[in-house]
Amino acid sequence: MSGFIKTNKLIDIKNYTRDQLSTWLKEKKIQPYRADQIFKWIYIHQADTFSAMTNISKETRSLLSDFFHINRNKVIKTNSSTDGTKKYLFKLHDGESIESVLIPEKSHYTICISTQVGCAQNCSFCMTAKAGFIRNLTTGEIISQICDIKHDLKSQKLLTNIVFMGMGEPLANYKNVKNALNIITDSDYGLKFSNRRVTLSTCGIIPKIPLIGKEFNINLAISLNATNNKIRNKLMPVNKKYPLEALLCACENYPLSKRRKITFEYILIKGINDSLYHAAELTKMLNKQRAKINLIPFNKHPESDYLPPDNKTVEKFQDILHQEGFTAIIRHSKGKDISAACGQLRAEY
C-alpha cells in the first residue's frame, strides 16, 4: 500500500481490509498470509495488542507496533433503557463524539452504528442534522463501534445484525463504509456477518446505490418520508438533487434475491405526511417496488417543532397499505427513556 507511509502517528490497523493488510505485509517482505492471522487475532479473539499474537514472530509484531495500533473508541457514557436498549456515546481521538445503539430482539441483538460525526444532509426532522457536519468516520472508527460493543456484551444472546442507521449518511462516506463492509462481511477472518444481516439506510445518494448493491448486495433501506417532491424537498433537501422519480428508479434496479425486499422508512409527522391521502399515494408510488414499509411515528426531540400523529392515525395509515398488499410494520422507537433519538445523547453531552 504505497499510499500508507510511516509517520510519527500510528495508524489504526482497523482502517485496513485484509487485502490491504496483505499488500502492506508483502511490501515489507512478510508473507501475506500473516494478514489472516492478524485479522483473526483482532476480530475473533479481540486482541488489544500485537504482543498477544503469539503465533506471529517477535520481529513481525515489533514491525506492526512501529506502524500501527489497535484502536478502541473511548466510552464516555452509556444509557440503558427499561426495554433493554443500550446507547453508547463514544469519544474519538480528536475529541469528537458519536453514538451507537445496541437493540435487543427476541433471540439476538442488533447494533445501530454511525458513519459520520454529524451529518450534512440537513433533514428537517433529524436531531443529528442540527449539529451540522464535522467529518467522516474512518474505517477503523466505524468498525470499532462493533468491536467495542461486542467486547462489552455480557449476554448469551448473539450480536447478529448490523444497521447503518446511526449518525451520518453512509453513502456520503462511501470509501470508508465500503472498507468497513469488507471487514464486517469477511466470513473467514473478519467479523463474519452475513450480508443478509447487514442493512444500510440512505436518504438517497443515487450514484452510490448501484455500487453498494453490486459490491455487497446487503439489505437496502430508503429513508423516504414523503409521497411527492414538494413535501420531500421540505423534509429532506437531498431530494432537490436526487428527486423521488430517480430514487425509485435506482431502487427498482437494486439487485435482490427472490425473497428479499427493499425497506422504505416512512417517518409519520403530524399534519405533514400522515393523512389517508398520503397513504394512498404511497401505495401508488411503491407499486413497482419489491417493498416492505416501516412506519415510524416521529420521535419528538427538543430541536424540532414536529409532532407524532396519534395511534389511531398511524393504524389507519397502516391499514391502507395492508389493503393494497404491502407488508407495513409500525416501528415504535425503542429507548425513549434514554435519549434514543439519533444525536440526542451527543447533544446533551
# chains A, B, ... in the order shown; residues from 1 in each chain; ligands from 1
>>> closest_atom_pairs(of="segment 59-136 of chain A", to="segment 226-240 of chain A", cutoff="9 Å", atoms="only C-alpha atoms", output="CSV")
residue,atom,partner,partner_atom,distance
A:Gln121,CA,A:Val238,CA,6.4
A:Asn122,CA,A:Pro237,CA,6.7
A:Cys123,CA,A:Met236,CA,4.5
A:Ser124,CA,A:Leu235,CA,5.2
A:Phe125,CA,A:Leu235,CA,6.8
>>> write_last_selection(atoms="C-alpha atoms", output="PDB file, in the first residue's frame")
ATOM      1  CA  GLN A 121     -27.934  16.243   4.655  1.00  0.00           C
ATOM      2  CA  ASN A 122     -29.882  18.682   6.872  1.00  0.00           C
ATOM      3  CA  CYS A 123     -33.116  16.692   7.099  1.00  0.00           C
ATOM      4  CA  SER A 124     -35.512  18.950   8.975  1.00  0.00           C
ATOM      5  CA  PHE A 125     -36.746  16.228  11.365  1.00  0.00           C
TER       6      PHE A 125
END
>>> select_by_dssp(residues="segment 20-144 of chain A", states="helix (DSSP H, G or I)", output="MDAnalysis selection string")
chainID A and resid 20:27 34:44 50:52 58:67 127:130 139:144
>>> write_last_selection(atoms="C-alpha atoms", output="PDB file, in the first residue's frame")
ATOM      1  CA  GLN A  20      -4.872  -4.073   2.060  1.00  0.00           C
ATOM      2  CA  LEU A  21      -3.003  -5.507   5.019  1.00  0.00           C
ATOM      3  CA  SER A  22      -1.749  -8.420   2.888  1.00  0.00           C
ATOM      4  CA  THR A  23      -0.365  -5.951   0.373  1.00  0.00           C
ATOM      5  CA  TRP A  24       1.309  -3.900   3.121  1.00  0.00           C
ATOM      6  CA  LEU A  25       2.939  -7.020   4.587  1.00  0.00           C
ATOM      7  CA  LYS A  26       4.150  -8.109   1.158  1.00  0.00           C
ATOM      8  CA  GLU A  27       5.812  -4.711   0.667  1.00  0.00           C
ATOM      9  CA  ARG A  34       0.045 -13.316   8.055  1.00  0.00           C
ATOM     10  CA  ALA A  35      -2.799 -10.884   7.425  1.00  0.00           C
ATOM     11  CA  ASP A  36      -5.217 -13.775   8.006  1.00  0.00           C
ATOM     12  CA  GLN A  37      -3.633 -14.464  11.385  1.00  0.00           C
ATOM     13  CA  ILE A  38      -3.633 -10.798  12.381  1.00  0.00           C
ATOM     14  CA  PHE A  39      -7.286 -10.408  11.421  1.00  0.00           C
ATOM     15  CA  LYS A  40      -8.189 -13.494  13.430  1.00  0.00           C
ATOM     16  CA  TRP A  41      -6.496 -12.039  16.499  1.00  0.00           C
ATOM     17  CA  ILE A  42      -8.195  -8.652  16.118  1.00  0.00           C
ATOM     18  CA  TYR A  43     -11.717  -9.652  15.095  1.00  0.00           C
ATOM     19  CA  ILE A  44     -12.188 -13.135  16.510  1.00  0.00           C
ATOM     20  CA  PHE A  50       0.250  -7.109  18.900  1.00  0.00           C
ATOM     21  CA  SER A  51       2.229  -8.783  21.687  1.00  0.00           C
ATOM     22  CA  ALA A  52      -0.793 -11.053  22.262  1.00  0.00           C
ATOM     23  CA  LYS A  58       8.501 -11.160  17.520  1.00  0.00           C
ATOM     24  CA  GLU A  59      10.107  -9.337  14.601  1.00  0.00           C
ATOM     25  CA  THR A  60       6.794  -9.032  12.756  1.00  0.00           C
ATOM     26  CA  ARG A  61       4.977  -7.983  15.927  1.00  0.00           C
ATOM     27  CA  SER A  62       7.615  -5.327  16.529  1.00  0.00           C
ATOM     28  CA  LEU A  63       7.235  -4.022  12.984  1.00  0.00           C
ATOM     29  CA  LEU A  64       3.462  -3.868  13.356  1.00  0.00           C
ATOM     30  CA  SER A  65       3.877  -1.921  16.596  1.00  0.00           C
ATOM     31  CA  ASP A  66       6.112   0.600  14.814  1.00  0.00           C
ATOM     32  CA  PHE A  67       3.390   1.431  12.304  1.00  0.00           C
ATOM     33  CA  MET A 127     -31.572  15.733  15.622  1.00  0.00           C
ATOM     34  CA  THR A 128     -28.137  14.891  14.225  1.00  0.00           C
ATOM     35  CA  ALA A 129     -28.571  17.438  11.425  1.00  0.00           C
ATOM     36  CA  LYS A 130     -29.000  20.264  13.937  1.00  0.00           C
ATOM     37  CA  THR A 139     -12.985   2.724   8.573  1.00  0.00           C
ATOM     38  CA  GLY A 140     -11.470   1.909  11.976  1.00  0.00           C
ATOM     39  CA  GLU A 141     -13.889   4.188  13.826  1.00  0.00           C
ATOM     40  CA  ILE A 142     -16.839   2.518  12.107  1.00  0.00           C
ATOM     41  CA  ILE A 143     -15.549  -0.973  12.858  1.00  0.00           C
ATOM     42  CA  SER A 144     -14.577  -0.160  16.450  1.00  0.00           C
TER      43      SER A 144
END
>>> residues_around(residues="Ser201 of chain A", least_positions_apart="2", cutoff="6 Å", atoms="only C-alpha atoms", output="list in words")
Phe164, Met165, Ala221 and Ile222 of chain A
>>> closest_residue(among="A:His332, A:His151, A:Lys270, A:Arg135", to="Ser97 of chain A", atoms="only C-alpha atoms")
A:Arg135
>>> closest_residue(among="A:Leu171, A:Ala279, A:Ile269, A:Val75", to="Glu96 of chain A", atoms="only C-alpha atoms")
A:Val75
>>> residues_around(residues="Lys261 of chain A", least_positions_apart="6", cutoff="8 Å", atoms="only C-alpha atoms", output="ChimeraX atom specification")
/A:219,290-292
>>> select_by_dssp(residues="segment 66-292 of chain A", states="strand (DSSP E)", output="JSON, numbers by chain")
{"A": [68, 69, 74, 75, 76, 77, 78, 79, 80, 86, 87, 88, 89, 90, 91, 97, 98, 99, 100, 101, 102, 103, 104, 108, 109, 110, 111, 112, 116, 117, 118, 133, 134, 135, 136, 158, 159, 160, 161, 162, 163, 164, 198, 199, 200, 201, 202, 219, 220, 221, 222, 223, 262, 263, 264, 265, 266, 267, 268, 291, 292]}
>>> residues_around(residues="segment 311-317 of chain A", least_positions_apart="5", cutoff="8 Å", atoms="only C-alpha atoms", output="NGL selection string")
:A and (268 or 274-276 or 279 or 295 or 297 or 330)
>>> write_last_selection(atoms="N, CA and C atoms", output="PDB file, in the first residue's frame")
ATOM      1  N   LEU A 268     -43.692   9.229  10.194  1.00  0.00           N
ATOM      2  CA  LEU A 268     -45.002   9.882  10.175  1.00  0.00           C
ATOM      3  C   LEU A 268     -44.966  11.131  11.059  1.00  0.00           C
ATOM      4  N   ASP A 274     -49.057  12.439   7.080  1.00  0.00           N
ATOM      5  CA  ASP A 274     -49.702  11.331   7.774  1.00  0.00           C
ATOM      6  C   ASP A 274     -51.176  11.116   7.417  1.00  0.00           C
ATOM      7  N   SER A 275     -51.665  11.776   6.382  1.00  0.00           N
ATOM      8  CA  SER A 275     -53.090  11.664   6.045  1.00  0.00           C
ATOM      9  C   SER A 275     -53.375  10.374   5.284  1.00  0.00           C
ATOM     10  N   LEU A 276     -54.666  10.028   5.188  1.00  0.00           N
ATOM     11  CA  LEU A 276     -55.054   8.850   4.414  1.00  0.00           C
ATOM     12  C   LEU A 276     -54.746   9.047   2.934  1.00  0.00           C
ATOM     13  N   ALA A 279     -51.250   8.039   2.477  1.00  0.00           N
ATOM     14  CA  ALA A 279     -51.140   6.577   2.488  1.00  0.00           C
ATOM     15  C   ALA A 279     -51.486   5.995   1.124  1.00  0.00           C
ATOM     16  N   LEU A 295     -43.276   2.003   9.170  1.00  0.00           N
ATOM     17  CA  LEU A 295     -43.932   3.244   9.580  1.00  0.00           C
ATOM     18  C   LEU A 295     -43.406   3.628  10.958  1.00  0.00           C
ATOM     19  N   PRO A 297     -43.571   6.486  13.778  1.00  0.00           N
ATOM     20  CA  PRO A 297     -44.075   7.742  14.339  1.00  0.00           C
ATOM     21  C   PRO A 297     -42.904   8.624  14.780  1.00  0.00           C
ATOM     22  N   ILE A 330     -45.432  -1.074  11.971  1.00  0.00           N
ATOM     23  CA  ILE A 330     -45.267   0.137  12.789  1.00  0.00           C
ATOM     24  C   ILE A 330     -44.075  -0.075  13.709  1.00  0.00           C
TER      25      ILE A 330
END
>>> closest_residue(among="A:Leu137, A:Ile293, A:Cys203, A:Ile262", to="Asn176 of chain A", atoms="only C-alpha atoms")
A:Leu137
>>> decode(residues="segment 143-158 of chain A", atoms="all heavy atoms", output="tab-separated table (two decimals), in the first residue's frame")
chain	number	residue	atom	x	y	z
A	143	ILE	N	-15.70	0.40	12.41
A	143	ILE	CA	-15.55	-0.97	12.86
A	143	ILE	C	-15.46	-1.07	14.38
A	143	ILE	O	-16.01	-1.99	15.01
A	143	ILE	CB	-14.30	-1.60	12.21
A	143	ILE	CG1	-14.53	-1.83	10.71
A	143	ILE	CG2	-13.90	-2.89	12.90
A	143	ILE	CD1	-15.61	-2.84	10.40
A	144	SER	N	-14.77	-0.10	15.00
A	144	SER	CA	-14.58	-0.16	16.45
A	144	SER	C	-15.89	-0.11	17.21
A	144	SER	O	-16.00	-0.66	18.32
A	144	SER	CB	-13.65	0.97	16.91
A	144	SER	OG	-12.31	0.69	16.55
A	145	GLN	N	-16.90	0.54	16.66
A	145	GLN	CA	-18.20	0.55	17.34
A	145	GLN	C	-18.71	-0.87	17.56
A	145	GLN	O	-19.23	-1.21	18.62
A	145	GLN	CB	-19.22	1.35	16.52
A	145	GLN	CG	-18.90	2.82	16.38
A	145	GLN	CD	-19.81	3.49	15.36
A	145	GLN	OE1	-21.00	3.69	15.61
A	145	GLN	NE2	-19.27	3.82	14.20
A	146	ILE	N	-18.53	-1.70	16.54
A	146	ILE	CA	-18.99	-3.10	16.63
A	146	ILE	C	-18.11	-3.88	17.59
A	146	ILE	O	-18.61	-4.58	18.49
A	146	ILE	CB	-18.97	-3.75	15.23
A	146	ILE	CG1	-19.81	-2.92	14.25
A	146	ILE	CG2	-19.47	-5.18	15.30
A	146	ILE	CD1	-19.59	-3.30	12.80
A	147	CYS	N	-16.79	-3.74	17.43
A	147	CYS	CA	-15.86	-4.49	18.28
A	147	CYS	C	-16.02	-4.11	19.75
A	147	CYS	O	-16.00	-4.98	20.63
A	147	CYS	CB	-14.43	-4.24	17.82
A	147	CYS	SG	-14.05	-4.89	16.18
A	148	ASP	N	-16.16	-2.82	20.01
A	148	ASP	CA	-16.24	-2.36	21.40
A	148	ASP	C	-17.52	-2.83	22.07
A	148	ASP	O	-17.52	-3.20	23.25
A	148	ASP	CB	-16.15	-0.83	21.46
A	148	ASP	CG	-14.80	-0.32	20.98
A	148	ASP	OD1	-13.87	-1.13	20.86
A	148	ASP	OD2	-14.68	0.89	20.70
A	149	ILE	N	-18.63	-2.81	21.34
A	149	ILE	CA	-19.89	-3.26	21.93
A	149	ILE	C	-19.89	-4.78	22.09
A	149	ILE	O	-20.39	-5.30	23.10
A	149	ILE	CB	-21.08	-2.76	21.10
A	149	ILE	CG1	-21.19	-1.22	21.26
A	149	ILE	CG2	-22.37	-3.44	21.52
A	149	ILE	CD1	-22.28	-0.58	20.44
A	150	LYS	N	-19.31	-5.50	21.13
A	150	LYS	CA	-19.18	-6.95	21.30
A	150	LYS	C	-18.35	-7.26	22.55
A	150	LYS	O	-18.66	-8.18	23.30
A	150	LYS	CB	-18.50	-7.57	20.07
A	150	LYS	CG	-19.41	-7.76	18.87
A	150	LYS	CD	-18.70	-8.51	17.75
A	150	LYS	CE	-18.48	-9.96	18.08
A	150	LYS	NZ	-17.90	-10.72	16.96
A	151	HIS	N	-17.32	-6.48	22.76
A	151	HIS	CA	-16.44	-6.67	23.91
A	151	HIS	C	-17.19	-6.42	25.22
A	151	HIS	O	-16.93	-7.05	26.24
A	151	HIS	CB	-15.24	-5.73	23.79
A	151	HIS	CG	-14.17	-5.97	24.80
A	151	HIS	ND1	-14.05	-5.23	25.96
A	151	HIS	CD2	-13.16	-6.89	24.85
A	151	HIS	CE1	-13.02	-5.67	26.66
A	151	HIS	NE2	-12.46	-6.66	26.02
A	152	ASP	N	-18.13	-5.49	25.17
A	152	ASP	CA	-18.89	-5.10	26.36
A	152	ASP	C	-20.08	-6.03	26.61
A	152	ASP	O	-20.59	-6.09	27.72
A	152	ASP	CB	-19.39	-3.66	26.20
A	152	ASP	CG	-20.13	-3.14	27.41
A	152	ASP	OD1	-19.54	-3.11	28.51
A	152	ASP	OD2	-21.32	-2.78	27.28
A	153	LEU	N	-20.47	-6.77	25.59
A	153	LEU	CA	-21.70	-7.56	25.66
A	153	LEU	C	-21.49	-8.78	26.54
A	153	LEU	O	-20.65	-9.63	26.28
A	153	LEU	CB	-22.11	-7.98	24.25
A	153	LEU	CG	-23.53	-8.47	24.03
A	153	LEU	CD1	-24.55	-7.43	24.48
A	153	LEU	CD2	-23.73	-8.81	22.55
A	154	LYS	N	-22.29	-8.86	27.58
A	154	LYS	CA	-22.16	-9.98	28.53
A	154	LYS	C	-23.27	-11.01	28.35
A	154	LYS	O	-23.23	-12.08	28.94
A	154	LYS	CB	-22.20	-9.44	29.96
A	154	LYS	CG	-21.14	-8.40	30.28
A	154	LYS	CD	-19.73	-8.95	30.13
A	154	LYS	CE	-18.68	-7.97	30.67
A	154	LYS	NZ	-18.60	-6.71	29.93
A	155	SER	N	-24.27	-10.70	27.55
A	155	SER	CA	-25.42	-11.58	27.39
A	155	SER	C	-25.07	-12.81	26.56
A	155	SER	O	-24.11	-12.81	25.78
A	155	SER	CB	-26.56	-10.81	26.72
A	155	SER	OG	-27.60	-11.68	26.35
A	156	GLN	N	-25.86	-13.86	26.74
A	156	GLN	CA	-25.71	-15.06	25.93
A	156	GLN	C	-26.28	-14.88	24.52
A	156	GLN	O	-25.97	-15.64	23.62
A	156	GLN	CB	-26.41	-16.25	26.62
A	156	GLN	CG	-25.77	-16.65	27.94
A	156	GLN	CD	-24.33	-17.10	27.78
A	156	GLN	OE1	-24.01	-17.91	26.92
A	156	GLN	NE2	-23.44	-16.55	28.60
A	157	LYS	N	-27.15	-13.89	24.37
A	157	LYS	CA	-27.72	-13.64	23.03
A	157	LYS	C	-26.62	-13.13	22.10
A	157	LYS	O	-25.76	-12.36	22.50
A	157	LYS	CB	-28.85	-12.60	23.12
A	157	LYS	CG	-30.13	-13.14	23.71
A	157	LYS	CD	-31.33	-12.26	23.42
A	157	LYS	CE	-31.30	-10.94	24.11
A	157	LYS	NZ	-32.58	-10.19	23.93
A	158	LEU	N	-26.69	-13.54	20.86
A	158	LEU	CA	-25.66	-13.20	19.90
A	158	LEU	C	-25.95	-11.86	19.23
A	158	LEU	O	-27.10	-11.47	19.02
A	158	LEU	CB	-25.55	-14.29	18.83
A	158	LEU	CG	-25.10	-15.67	19.30
A	158	LEU	CD1	-25.12	-16.64	18.13
A	158	LEU	CD2	-23.71	-15.61	19.92
